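Student: File data_15.pdb follows (PDB, C-alpha atoms):
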```pdb
ATOM      1  CA  MET C   1       6.231  11.282   3.879  1.00  0.00           C
ATOM      2  CA  LEU C   2       4.284   8.090   4.529  1.00  0.00           C
ATOM      3  CA  PHE C   3       0.569   8.527   4.065  1.00  0.00           C
ATOM      4  CA  GLU C   4      -0.891   7.942   7.523  1.00  0.00           C
ATOM      5  CA  PRO C   5      -4.279   9.663   7.618  1.00  0.00           C
ATOM      6  CA  ARG C   6      -5.542  10.919  10.947  1.00  0.00           C
ATOM      7  CA  SER C   7      -8.722   8.939  10.331  1.00  0.00           C
ATOM      8  CA  GLY C   8      -6.584   5.796  10.122  1.00  0.00           C
ATOM      9  CA  ARG C   9      -4.948   6.466  13.468  1.00  0.00           C
ATOM     10  CA  LEU C  10      -8.288   7.249  15.100  1.00  0.00           C
ATOM     11  CA  ALA C  11      -9.920   4.110  13.710  1.00  0.00           C
ATOM     12  CA  ALA C  12      -6.996   1.768  14.408  1.00  0.00           C
ATOM     13  CA  TRP C  13      -6.323   2.828  17.986  1.00  0.00           C
ATOM     14  CA  GLY C  14      -9.998   3.449  18.672  1.00  0.00           C
ATOM     15  CA  ASN C  15     -10.700  -0.152  17.634  1.00  0.00           C
ATOM     16  CA  ALA C  16      -7.904  -1.413  19.874  1.00  0.00           C
ATOM     17  CA  LEU C  17      -9.345   0.555  22.795  1.00  0.00           C
ATOM     18  CA  LEU C  18     -12.904  -0.642  22.145  1.00  0.00           C
ATOM     19  CA  ALA C  19     -11.590  -4.220  22.069  1.00  0.00           C
ATOM     20  CA  GLY C  20      -9.843  -3.717  25.418  1.00  0.00           C
ATOM     21  CA  LEU C  21      -6.369  -4.243  23.950  1.00  0.00           C
ATOM     22  CA  VAL C  22      -4.867  -0.873  24.925  1.00  0.00           C
ATOM     23  CA  SER C  23      -5.401   1.696  27.653  1.00  0.00           C
ATOM     24  CA  PRO C  24      -7.174   5.003  26.993  1.00  0.00           C
ATOM     25  CA  ASP C  25      -3.914   6.901  27.509  1.00  0.00           C
ATOM     26  CA  GLU C  26      -2.040   4.732  25.002  1.00  0.00           C
ATOM     27  CA  ALA C  27      -4.822   5.053  22.438  1.00  0.00           C
ATOM     28  CA  VAL C  28      -5.072   8.835  22.740  1.00  0.00           C
ATOM     29  CA  LEU C  29      -1.309   9.304  22.599  1.00  0.00           C
ATOM     30  CA  SER C  30      -1.120   7.233  19.408  1.00  0.00           C
ATOM     31  CA  ILE C  31      -4.083   8.993  17.780  1.00  0.00           C
ATOM     32  CA  VAL C  32      -2.758  12.485  18.470  1.00  0.00           C
ATOM     33  CA  GLY C  33       0.720  11.604  17.229  1.00  0.00           C
ATOM     34  CA  GLU C  34       2.698  14.754  16.482  1.00  0.00           C
ATOM     35  CA  ASP C  35      -0.347  17.024  16.654  1.00  0.00           C
ATOM     36  CA  ALA C  36      -0.813  19.330  19.634  1.00  0.00           C
ATOM     37  CA  VAL C  37      -4.331  18.338  20.599  1.00  0.00           C
ATOM     38  CA  HIS C  38      -7.445  16.548  19.301  1.00  0.00           C
ATOM     39  CA  ARG C  39     -10.975  17.381  20.415  1.00  0.00           C
ATOM     40  CA  VAL C  40     -14.394  16.054  19.435  1.00  0.00           C
ATOM     41  CA  ALA C  41     -17.332  18.415  18.794  1.00  0.00           C
ATOM     42  CA  GLY C  42     -21.015  17.627  18.327  1.00  0.00           C
ATOM     43  CA  LEU C  43     -21.001  14.403  20.334  1.00  0.00           C
ATOM     44  CA  PRO C  44     -24.494  13.469  21.580  1.00  0.00           C
ATOM     45  CA  GLY C  45     -24.807  14.250  25.269  1.00  0.00           C
ATOM     46  CA  GLU C  46     -22.047  16.865  25.253  1.00  0.00           C
ATOM     47  CA  SER C  47     -22.674  20.611  25.028  1.00  0.00           C
ATOM     48  CA  GLY C  48     -19.261  21.471  23.572  1.00  0.00           C
ATOM     49  CA  PRO C  49     -15.971  19.998  22.340  1.00  0.00           C
ATOM     50  CA  VAL C  50     -14.429  17.335  24.572  1.00  0.00           C
ATOM     51  CA  GLY C  51     -11.109  15.534  24.726  1.00  0.00           C
ATOM     52  CA  LEU C  52     -10.487  12.223  22.986  1.00  0.00           C
ATOM     53  CA  THR C  53     -10.519  10.151  26.171  1.00  0.00           C
ATOM     54  CA  LEU C  54     -13.982  11.348  27.148  1.00  0.00           C
ATOM     55  CA  ALA C  55     -15.196  11.166  23.537  1.00  0.00           C
ATOM     56  CA  LEU C  56     -14.132   7.548  23.041  1.00  0.00           C
ATOM     57  CA  GLY C  57     -15.762   6.583  26.334  1.00  0.00           C
ATOM     58  CA  ARG C  58     -18.965   8.395  25.383  1.00  0.00           C
ATOM     59  CA  MET C  59     -19.003   6.675  21.990  1.00  0.00           C
ATOM     60  CA  ARG C  60     -18.721   3.283  23.657  1.00  0.00           C
ATOM     61  CA  ALA C  61     -21.672   4.215  25.880  1.00  0.00           C
ATOM     62  CA  LEU C  62     -23.644   5.183  22.763  1.00  0.00           C
ATOM     63  CA  GLY C  63     -23.177   1.676  21.393  1.00  0.00           C
ATOM     64  CA  VAL C  64     -20.155   2.146  19.143  1.00  0.00           C
ATOM     65  CA  SER C  65     -18.391  -1.208  18.761  1.00  0.00           C
ATOM     66  CA  GLY C  66     -15.922  -0.327  16.024  1.00  0.00           C
ATOM     67  CA  LEU C  67     -14.616   2.372  13.706  1.00  0.00           C
ATOM     68  CA  ARG C  68     -14.180   2.329   9.941  1.00  0.00           C
ATOM     69  CA  VAL C  69     -12.176   4.674   7.691  1.00  0.00           C
ATOM     70  CA  ALA C  70     -13.352   6.550   4.593  1.00  0.00           C
ATOM     71  CA  LEU C  71     -10.887   8.177   2.172  1.00  0.00           C
ATOM     72  CA  PRO C  72     -13.088   9.775  -0.499  1.00  0.00           C
ATOM     73  CA  ALA C  73     -11.894  11.695  -3.546  1.00  0.00           C
ATOM     74  CA  PRO C  74     -13.827  13.503  -6.293  1.00  0.00           C
ATOM     75  CA  GLY C  75     -15.840  10.901  -8.159  1.00  0.00           C
ATOM     76  CA  HIS C  76     -14.897   8.169  -5.679  1.00  0.00           C
ATOM     77  CA  PRO C  77     -16.881   8.129  -2.389  1.00  0.00           C
ATOM     78  CA  LEU C  78     -14.618   5.444  -0.919  1.00  0.00           C
ATOM     79  CA  GLY C  79     -15.921   4.197   2.424  1.00  0.00           C
ATOM     80  CA  LEU C  80     -18.921   6.537   2.582  1.00  0.00           C
ATOM     81  CA  SER C  81     -22.584   5.593   2.913  1.00  0.00           C
ATOM     82  CA  GLY C  82     -24.314   8.985   3.167  1.00  0.00           C
ATOM     83  CA  PRO C  83     -26.204  11.119   3.795  1.00  0.00           C
ATOM     84  CA  PRO C  84     -25.067  13.821   1.325  1.00  0.00           C
ATOM     85  CA  GLU C  85     -24.218  16.319   4.084  1.00  0.00           C
ATOM     86  CA  PHE C  86     -21.746  13.949   5.711  1.00  0.00           C
ATOM     87  CA  ASN C  87     -20.332  12.838   2.374  1.00  0.00           C
ATOM     88  CA  ALA C  88     -19.699  16.456   1.365  1.00  0.00           C
ATOM     89  CA  ARG C  89     -17.856  17.248   4.607  1.00  0.00           C
ATOM     90  CA  ALA C  90     -15.803  14.061   4.307  1.00  0.00           C
ATOM     91  CA  LEU C  91     -14.939  14.831   0.681  1.00  0.00           C
ATOM     92  CA  ASP C  92     -13.743  18.322   1.637  1.00  0.00           C
ATOM     93  CA  ALA C  93     -11.503  16.814   4.334  1.00  0.00           C
ATOM     94  CA  GLU C  94     -10.557  13.853   2.106  1.00  0.00           C
ATOM     95  CA  GLU C  95     -11.090  11.523   5.054  1.00  0.00           C
ATOM     96  CA  ALA C  96     -13.548  10.516   7.755  1.00  0.00           C
ATOM     97  CA  VAL C  97     -14.305   7.877  10.376  1.00  0.00           C
ATOM     98  CA  VAL C  98     -17.617   6.028  10.447  1.00  0.00           C
ATOM     99  CA  ALA C  99     -18.801   4.361  13.639  1.00  0.00           C
ATOM    100  CA  VAL C 100     -20.146   0.817  13.796  1.00  0.00           C
ATOM    101  CA  GLY C 101     -23.082   0.315  16.156  1.00  0.00           C
ATOM    102  CA  ALA C 102     -24.247   3.934  16.154  1.00  0.00           C
ATOM    103  CA  ALA C 103     -25.172   6.165  13.208  1.00  0.00           C
ATOM    104  CA  LEU C 104     -22.286   8.588  13.747  1.00  0.00           C
ATOM    105  CA  GLY C 105     -19.411   9.806  11.609  1.00  0.00           C
ATOM    106  CA  LEU C 106     -16.434  11.989  12.430  1.00  0.00           C
ATOM    107  CA  VAL C 107     -14.753  14.445  10.054  1.00  0.00           C
ATOM    108  CA  PRO C 108     -11.511  16.198  11.024  1.00  0.00           C
ATOM    109  CA  GLU C 109     -10.953  19.931  10.818  1.00  0.00           C
ATOM    110  CA  VAL C 110      -7.227  20.696  10.976  1.00  0.00           C
ATOM    111  CA  THR C 111      -5.872  24.087  12.070  1.00  0.00           C
ATOM    112  CA  GLU C 112      -2.193  25.009  11.856  1.00  0.00           C
ATOM    113  CA  ALA C 113      -0.466  27.966  13.509  1.00  0.00           C
ATOM    114  CA  GLY C 114       3.128  29.044  14.014  1.00  0.00           C
ATOM    115  CA  SER C 115       6.203  29.460  11.879  1.00  0.00           C
ATOM    116  CA  ALA C 116       8.088  26.958   9.754  1.00  0.00           C
ATOM    117  CA  GLY C 117       9.690  24.351  11.959  1.00  0.00           C
ATOM    118  CA  ASP C 118       7.406  25.187  14.869  1.00  0.00           C
ATOM    119  CA  VAL C 119       3.904  24.425  13.614  1.00  0.00           C
ATOM    120  CA  HIS C 120       1.160  23.919  16.195  1.00  0.00           C
ATOM    121  CA  VAL C 121      -1.555  21.590  14.850  1.00  0.00           C
ATOM    122  CA  GLU C 122      -4.985  21.287  16.417  1.00  0.00           C
ATOM    123  CA  VAL C 123      -7.651  18.868  15.197  1.00  0.00           C
ATOM    124  CA  VAL C 124     -11.365  19.052  15.874  1.00  0.00           C
ATOM    125  CA  TRP C 125     -13.377  15.975  14.932  1.00  0.00           C
ATOM    126  CA  HIS C 126     -16.929  17.024  13.992  1.00  0.00           C
ATOM    127  CA  VAL C 127     -19.551  14.391  14.754  1.00  0.00           C
ATOM    128  CA  LEU C 128     -22.356  14.124  12.192  1.00  0.00           C
ATOM    129  CA  PRO C 129     -25.181  11.653  11.569  1.00  0.00           C
ATOM    130  CA  VAL C 130     -24.503   8.958   8.970  1.00  0.00           C
ATOM    131  CA  ARG C 131     -26.623   6.488   7.082  1.00  0.00           C
ATOM    132  CA  GLU C 132     -26.314   2.912   8.302  1.00  0.00           C
ATOM    133  CA  ALA C 133     -25.523   1.171   5.032  1.00  0.00           C
ATOM    134  CA  PRO C 134     -22.593  -0.733   3.476  1.00  0.00           C
ATOM    135  CA  PRO C 135     -19.651   1.601   2.755  1.00  0.00           C
ATOM    136  CA  ALA C 136     -18.917   2.376  -0.878  1.00  0.00           C
ATOM    137  CA  ASP C 137     -16.257   0.466  -2.842  1.00  0.00           C
ATOM    138  CA  VAL C 138     -14.296  -1.061   0.052  1.00  0.00           C
ATOM    139  CA  PRO C 139     -12.448  -4.235  -1.030  1.00  0.00           C
ATOM    140  CA  SER C 140     -11.490  -7.230   1.046  1.00  0.00           C
ATOM    141  CA  LEU C 141      -7.890  -7.507   2.200  1.00  0.00           C
ATOM    142  CA  GLY C 142      -7.173 -10.226  -0.333  1.00  0.00           C
ATOM    143  CA  GLU C 143      -8.670  -8.217  -3.165  1.00  0.00           C
ATOM    144  CA  ALA C 144      -6.755  -5.106  -2.097  1.00  0.00           C
ATOM    145  CA  GLU C 145      -3.458  -6.994  -1.970  1.00  0.00           C
ATOM    146  CA  ARG C 146      -3.941  -8.417  -5.474  1.00  0.00           C
ATOM    147  CA  GLU C 147      -4.953  -5.021  -6.872  1.00  0.00           C
ATOM    148  CA  LEU C 148      -1.900  -3.338  -5.344  1.00  0.00           C
ATOM    149  CA  ALA C 149       0.560  -5.854  -6.756  1.00  0.00           C
ATOM    150  CA  GLU C 150      -0.933  -5.597 -10.237  1.00  0.00           C
ATOM    151  CA  ALA C 151      -1.194  -1.801 -10.223  1.00  0.00           C
ATOM    152  CA  LEU C 152       2.357  -1.415  -8.963  1.00  0.00           C
ATOM    153  CA  ARG C 153       3.741  -3.622 -11.733  1.00  0.00           C
ATOM    154  CA  GLU C 154       1.852  -1.762 -14.446  1.00  0.00           C
ATOM    155  CA  ALA C 155       2.690   1.705 -13.123  1.00  0.00           C
ATOM    156  CA  THR C 156       6.378   0.888 -12.680  1.00  0.00           C
ATOM    157  CA  VAL C 157       6.647  -0.147 -16.329  1.00  0.00           C
ATOM    158  CA  VAL C 158       5.002   3.062 -17.558  1.00  0.00           C
ATOM    159  CA  LEU C 159       6.857   5.406 -15.186  1.00  0.00           C
ATOM    160  CA  THR C 160      10.217   3.832 -15.969  1.00  0.00           C
ATOM    161  CA  ARG C 161       9.591   4.193 -19.699  1.00  0.00           C
ATOM    162  CA  LEU C 162       8.710   7.872 -19.170  1.00  0.00           C
ATOM    163  CA  ASP C 163      11.739   8.418 -16.904  1.00  0.00           C
ATOM    164  CA  VAL C 164       9.647   9.745 -14.022  1.00  0.00           C
ATOM    165  CA  SER C 165      10.241   7.141 -11.359  1.00  0.00           C
ATOM    166  CA  GLY C 166      11.577   8.451  -8.033  1.00  0.00           C
ATOM    167  CA  SER C 167      15.140   9.725  -8.398  1.00  0.00           C
ATOM    168  CA  GLY C 168      17.410  12.452  -7.084  1.00  0.00           C
ATOM    169  CA  PRO C 169      18.357  13.486  -3.530  1.00  0.00           C
ATOM    170  CA  VAL C 170      14.808  14.249  -2.347  1.00  0.00           C
ATOM    171  CA  ALA C 171      13.524  10.897  -3.525  1.00  0.00           C
ATOM    172  CA  GLU C 172      16.509   9.045  -2.071  1.00  0.00           C
ATOM    173  CA  ALA C 173      16.072  10.767   1.301  1.00  0.00           C
ATOM    174  CA  ALA C 174      12.382   9.858   1.392  1.00  0.00           C
ATOM    175  CA  LEU C 175      13.062   6.246   0.476  1.00  0.00           C
ATOM    176  CA  SER C 176      15.877   6.003   3.040  1.00  0.00           C
ATOM    177  CA  ALA C 177      13.574   7.386   5.744  1.00  0.00           C
ATOM    178  CA  TYR C 178      10.929   4.847   4.791  1.00  0.00           C
ATOM    179  CA  ARG C 179      13.383   1.941   4.957  1.00  0.00           C
ATOM    180  CA  ALA C 180      14.777   3.094   8.306  1.00  0.00           C
ATOM    181  CA  ARG C 181      11.309   3.384   9.777  1.00  0.00           C
ATOM    182  CA  ALA C 182      10.313  -0.038   8.479  1.00  0.00           C
ATOM    183  CA  GLU C 183      13.520  -1.692   9.715  1.00  0.00           C
ATOM    184  CA  ALA C 184      13.020  -0.165  13.157  1.00  0.00           C
ATOM    185  CA  GLY C 185       9.848  -2.220  13.496  1.00  0.00           C
ATOM    186  CA  ARG C 186       7.418   0.677  13.380  1.00  0.00           C
ATOM    187  CA  GLU C 187       3.983  -0.439  14.537  1.00  0.00           C
ATOM    188  CA  VAL C 188       1.955   0.329  11.432  1.00  0.00           C
ATOM    189  CA  LEU C 189      -1.335  -0.708  13.014  1.00  0.00           C
ATOM    190  CA  ALA C 190      -2.693  -0.989  16.516  1.00  0.00           C
ATOM    191  CA  PRO C 191      -2.999  -4.294  18.412  1.00  0.00           C
ATOM    192  CA  GLY C 192      -5.831  -6.536  17.249  1.00  0.00           C
ATOM    193  CA  TYR C 193      -5.204  -6.291  13.512  1.00  0.00           C
ATOM    194  CA  PRO C 194      -4.432  -9.431  11.471  1.00  0.00           C
ATOM    195  CA  PRO C 195      -0.925  -9.730   9.964  1.00  0.00           C
ATOM    196  CA  ARG C 196      -2.332  -9.467   6.465  1.00  0.00           C
ATOM    197  CA  ALA C 197      -3.739  -6.018   7.258  1.00  0.00           C
ATOM    198  CA  VAL C 198      -0.282  -4.863   8.360  1.00  0.00           C
ATOM    199  CA  ARG C 199       1.186  -6.241   5.116  1.00  0.00           C
ATOM    200  CA  VAL C 200      -1.452  -4.561   2.946  1.00  0.00           C
ATOM    201  CA  LEU C 201      -1.085  -1.223   4.758  1.00  0.00           C
ATOM    202  CA  SER C 202       2.709  -1.284   4.389  1.00  0.00           C
ATOM    203  CA  LEU C 203       2.468  -2.060   0.678  1.00  0.00           C
ATOM    204  CA  ALA C 204      -0.176   0.634   0.154  1.00  0.00           C
ATOM    205  CA  GLN C 205       2.054   3.184   1.892  1.00  0.00           C
ATOM    206  CA  ARG C 206       4.999   2.206  -0.332  1.00  0.00           C
ATOM    207  CA  VAL C 207       2.826   2.564  -3.415  1.00  0.00           C
ATOM    208  CA  ASP C 208       1.587   5.963  -2.223  1.00  0.00           C
ATOM    209  CA  LEU C 209       5.188   7.029  -1.608  1.00  0.00           C
ATOM    210  CA  MET C 210       6.136   6.044  -5.163  1.00  0.00           C
ATOM    211  CA  VAL C 211       3.233   8.043  -6.587  1.00  0.00           C
ATOM    212  CA  SER C 212       4.088  11.090  -4.461  1.00  0.00           C
ATOM    213  CA  LEU C 213       7.710  11.000  -5.582  1.00  0.00           C
ATOM    214  CA  ALA C 214       6.683  10.682  -9.221  1.00  0.00           C
ATOM    215  CA  TYR C 215       4.534  13.801  -8.899  1.00  0.00           C
ATOM    216  CA  GLU C 216       7.021  15.806  -6.838  1.00  0.00           C
ATOM    217  CA  ASN C 217       9.993  15.148  -9.103  1.00  0.00           C
ATOM    218  CA  GLY C 218       8.537  17.205 -11.927  1.00  0.00           C
ATOM    219  CA  HIS C 219       8.132  15.821 -15.390  1.00  0.00           C
ATOM    220  CA  GLY C 220      11.461  14.002 -15.535  1.00  0.00           C
ATOM    221  CA  GLY C 221      11.871  12.775 -19.073  1.00  0.00           C
ATOM    222  CA  ALA C 222       8.159  13.164 -19.796  1.00  0.00           C
ATOM    223  CA  VAL C 223       8.472  16.562 -21.446  1.00  0.00           C
ATOM    224  CA  ALA C 224       5.994  16.052 -24.269  1.00  0.00           C
ATOM    225  CA  ALA C 225       2.358  16.772 -23.501  1.00  0.00           C
ATOM    226  CA  SER C 226       1.427  13.242 -24.547  1.00  0.00           C
ATOM    227  CA  GLU C 227       4.002  11.782 -22.139  1.00  0.00           C
ATOM    228  CA  ILE C 228       2.830  13.969 -19.257  1.00  0.00           C
ATOM    229  CA  ALA C 229      -0.712  12.807 -19.943  1.00  0.00           C
ATOM    230  CA  ALA C 230       0.478   9.197 -20.029  1.00  0.00           C
ATOM    231  CA  ARG C 231       2.138   9.635 -16.645  1.00  0.00           C
ATOM    232  CA  ALA C 232      -1.046  11.061 -15.116  1.00  0.00           C
ATOM    233  CA  GLU C 233      -3.026   8.248 -16.695  1.00  0.00           C
ATOM    234  CA  ALA C 234      -0.644   5.705 -15.156  1.00  0.00           C
ATOM    235  CA  LEU C 235      -0.719   7.262 -11.692  1.00  0.00           C
ATOM    236  CA  ARG C 236      -4.466   7.850 -11.400  1.00  0.00           C
ATOM    237  CA  PRO C 237      -5.533   4.180 -11.059  1.00  0.00           C
ATOM    238  CA  VAL C 238      -2.576   3.474  -8.780  1.00  0.00           C
ATOM    239  CA  GLU C 239      -3.658   6.241  -6.409  1.00  0.00           C
ATOM    240  CA  ARG C 240      -7.194   4.855  -6.402  1.00  0.00           C
ATOM    241  CA  VAL C 241      -6.001   1.312  -5.689  1.00  0.00           C
ATOM    242  CA  ALA C 242      -3.692   2.514  -2.895  1.00  0.00           C
ATOM    243  CA  ARG C 243      -6.538   4.390  -1.199  1.00  0.00           C
ATOM    244  CA  ARG C 244      -8.807   1.331  -1.460  1.00  0.00           C
ATOM    245  CA  ALA C 245      -6.093  -0.788   0.119  1.00  0.00           C
ATOM    246  CA  LEU C 246      -5.527   1.689   2.947  1.00  0.00           C
ATOM    247  CA  VAL C 247      -9.228   1.621   3.791  1.00  0.00           C
ATOM    248  CA  ALA C 248      -9.335  -2.178   3.630  1.00  0.00           C
ATOM    249  CA  ALA C 249      -6.361  -2.418   6.000  1.00  0.00           C
ATOM    250  CA  TYR C 250      -7.674   0.087   8.556  1.00  0.00           C
ATOM    251  CA  ASN C 251     -11.126  -1.546   8.480  1.00  0.00           C
ATOM    252  CA  ALA C 252      -9.792  -5.093   8.818  1.00  0.00           C
ATOM    253  CA  ALA C 253     -10.209  -5.306  12.602  1.00  0.00           C
ATOM    254  CA  VAL C 254     -13.914  -4.494  12.337  1.00  0.00           C
ATOM    255  CA  GLU C 255     -14.432  -6.813   9.359  1.00  0.00           C
ATOM    256  CA  GLU C 256     -12.670  -9.701  11.075  1.00  0.00           C
ATOM    257  CA  ARG C 257     -14.619  -9.192  14.295  1.00  0.00           C
ATOM    258  CA  GLU C 258     -17.917  -9.150  12.374  1.00  0.00           C
ATOM    259  CA  ARG C 259     -17.015 -12.361  10.529  1.00  0.00           C
ATOM    260  CA  GLY C 260     -15.895 -14.085  13.718  1.00  0.00           C
TER
END
```
Represent the structure contained in this file as structure tokens.
Tutor:
Amino acid sequence: MLFEPRSGRLAAWGNALLAGLVSPDEAVLSIVGEDAVHRVAGLPGESGPVGLTLALGRMRALGVSGLRVALPAPGHPLGLSGPPEFNARALDAEEAVVAVGAALGLVPEVTEAGSAGDVHVEVVWHVLPVREAPPADVPSLGEAERELAEALREATVVLTRLDVSGSGPVAEAALSAYRARAEAGREVLAPGYPPRAVRVLSLAQRVDLMVSLAYENGHGGAVAASEIAARAEALRPVERVARRALVAAYNAAVEERERG
């Protein structure tokens, strides 16, 4: 239930590979995760879709030195820099990866097949030209951490008053799974990321989990239309802040390397 976008895995482990901190096999295995296969289509110099190992090597040869994440939503082009065609594709997918050092962006197309409990997931990353410009609305790690703490405090007060905070067996199971995964020392980011990025990503994932549970648990005590509207009003800025923090965390390796 933790929000771990495929673009985040591609950027994090792609950055570790580009920095020489992991092997190609380790990077690809971590990027694919529980999916069946990932391929990359539209890569310059390739006539058709290729595997991730070849694609990451080709991108390095094209001058790519790092990868950034974009997590746009309607009215919030977070992490995007254009052109409109790429932004539109990224908005449809709700995520994208933008290369540093070459004007390329990657947008995932996810295909699922099979029955419940036996779903086969294939991902094709479509490579498109991007505009080389500062990404939209991406905060620093420090700014993201402060925003998260403040938003979480404010949202918790409102959601508790409306009786819509996470509760019940589904919520408890999700929270227990989160705690177990955290206590097991799950590697939330690839090698090469600063400790603060790991902290910000973990907090952003907890905030996203809280928001998801609040939505999934129905209206709780917020049965009046005004209370339902108040809940949505409380959750909307928290979602926005969590997405900004996720992008800041995934992009931290590139930002730190550029500063240093």
Student: If I take CA of Ala242 in chain C and CA of Ala204 in chain C, how far is one from the other in Å, to one decimal?
Tutor: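 Separation between CA of Ala242 in chain C and CA of Ala204 in chain C: 5.0 Å.
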Student: Give me the range 5-109 of chain C side of the contact with range 229-240 of chain C, cut-off 12 Å, one line per residue showing its nearest atom pair and distance in Å at one decimal, counting only C-alpha atoms, sorted by chain and residue number, as JSON lines.
Tutor:
```
{"residue": "C:Leu71", "atom": "CA", "partner": "C:Arg240", "partner_atom": "CA", "distance": 9.9}
{"residue": "C:Pro72", "atom": "CA", "partner": "C:Arg240", "partner_atom": "CA", "distance": 9.7}
{"residue": "C:Ala73", "atom": "CA", "partner": "C:Arg240", "partner_atom": "CA", "distance": 8.8}
{"residue": "C:Pro74", "atom": "CA", "partner": "C:Arg240", "partner_atom": "CA", "distance": 10.9}
{"residue": "C:Gly75", "atom": "CA", "partner": "C:Arg240", "partner_atom": "CA", "distance": 10.7}
{"residue": "C:His76", "atom": "CA", "partner": "C:Arg240", "partner_atom": "CA", "distance": 8.4}
{"residue": "C:Pro77", "atom": "CA", "partner": "C:Arg240", "partner_atom": "CA", "distance": 11.0}
{"residue": "C:Leu78", "atom": "CA", "partner": "C:Arg240", "partner_atom": "CA", "distance": 9.2}
```
Student: Rounded to one decimal in Å, what is the spacing between CA of Ser23 in chain C and CA of Pro191 in chain C?
Tutor: 11.3 Å
Student: Name the residues that the PyMOL selection byres ((chain C and resi 55) around 12) pulls out of this structure, and write them as a ChimeraX atom specification.
Tutor: /C:10,14,24,28,38-46,48-54,56-62,64,106,124-127
Student: Convert the output of the PyMOL selection byres ((chain C and resi 110) around 9) on the shown file into explicit residues, formatted as a short mmCIF file (atom, residue, chain, number, x, y, z; two decimals) with C-alpha atoms, keeping the file's coordinate frame.
Tutor:
```cif
data_model
loop_
_atom_site.label_atom_id
_atom_site.label_comp_id
_atom_site.auth_asym_id
_atom_site.auth_seq_id
_atom_site.Cartn_x
_atom_site.Cartn_y
_atom_site.Cartn_z
CA ALA C 93 -11.50 16.81 4.33
CA PRO C 108 -11.51 16.20 11.02
CA GLU C 109 -10.95 19.93 10.82
CA THR C 111 -5.87 24.09 12.07
CA GLU C 112 -2.19 25.01 11.86
CA VAL C 121 -1.56 21.59 14.85
CA GLU C 122 -4.99 21.29 16.42
CA VAL C 123 -7.65 18.87 15.20
CA VAL C 124 -11.36 19.05 15.87
CA TRP C 125 -13.38 15.98 14.93
#
```
Student: Which residues match the PyMOL selection byres ((chain C and resi 30) around 12) in the file above, as a VMD selection string?
Tutor: chain C and resid 4 6 to 14 16 to 17 22 to 29 31 to 35 37 to 38 52 to 53 187 to 191
Student: To one decimal place, how far is CA of Ala149 in chain C from CA of Ala136 in chain C in Å?
Tutor: 21.9 Å
Student: May I have the residues within 7 Å of Val200 in chain C as a list of chain:residue names, using only C-alpha atoms and disregarding those fewer than 4 positions away in the same chain?
Tutor: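 Once the nearby chain positions are removed, what remains is C:Glu145, C:Arg196, C:Ala204, C:Ala245, C:Ala249.
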Student: Could the residues in this selection be written to a file with C-alpha atoms, as a PDB file, in the frame of the given file?
Tutor:
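Full text of result-v2.pdb as output:
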```pdb
ATOM      1  CA  GLU C 145      -3.458  -6.994  -1.970  1.00  0.00           C
ATOM      2  CA  ARG C 196      -2.332  -9.467   6.465  1.00  0.00           C
ATOM      3  CA  ALA C 204      -0.176   0.634   0.154  1.00  0.00           C
ATOM      4  CA  ALA C 245      -6.093  -0.788   0.119  1.00  0.00           C
ATOM      5  CA  ALA C 249      -6.361  -2.418   6.000  1.00  0.00           C
TER       6      ALA C 249
END
```
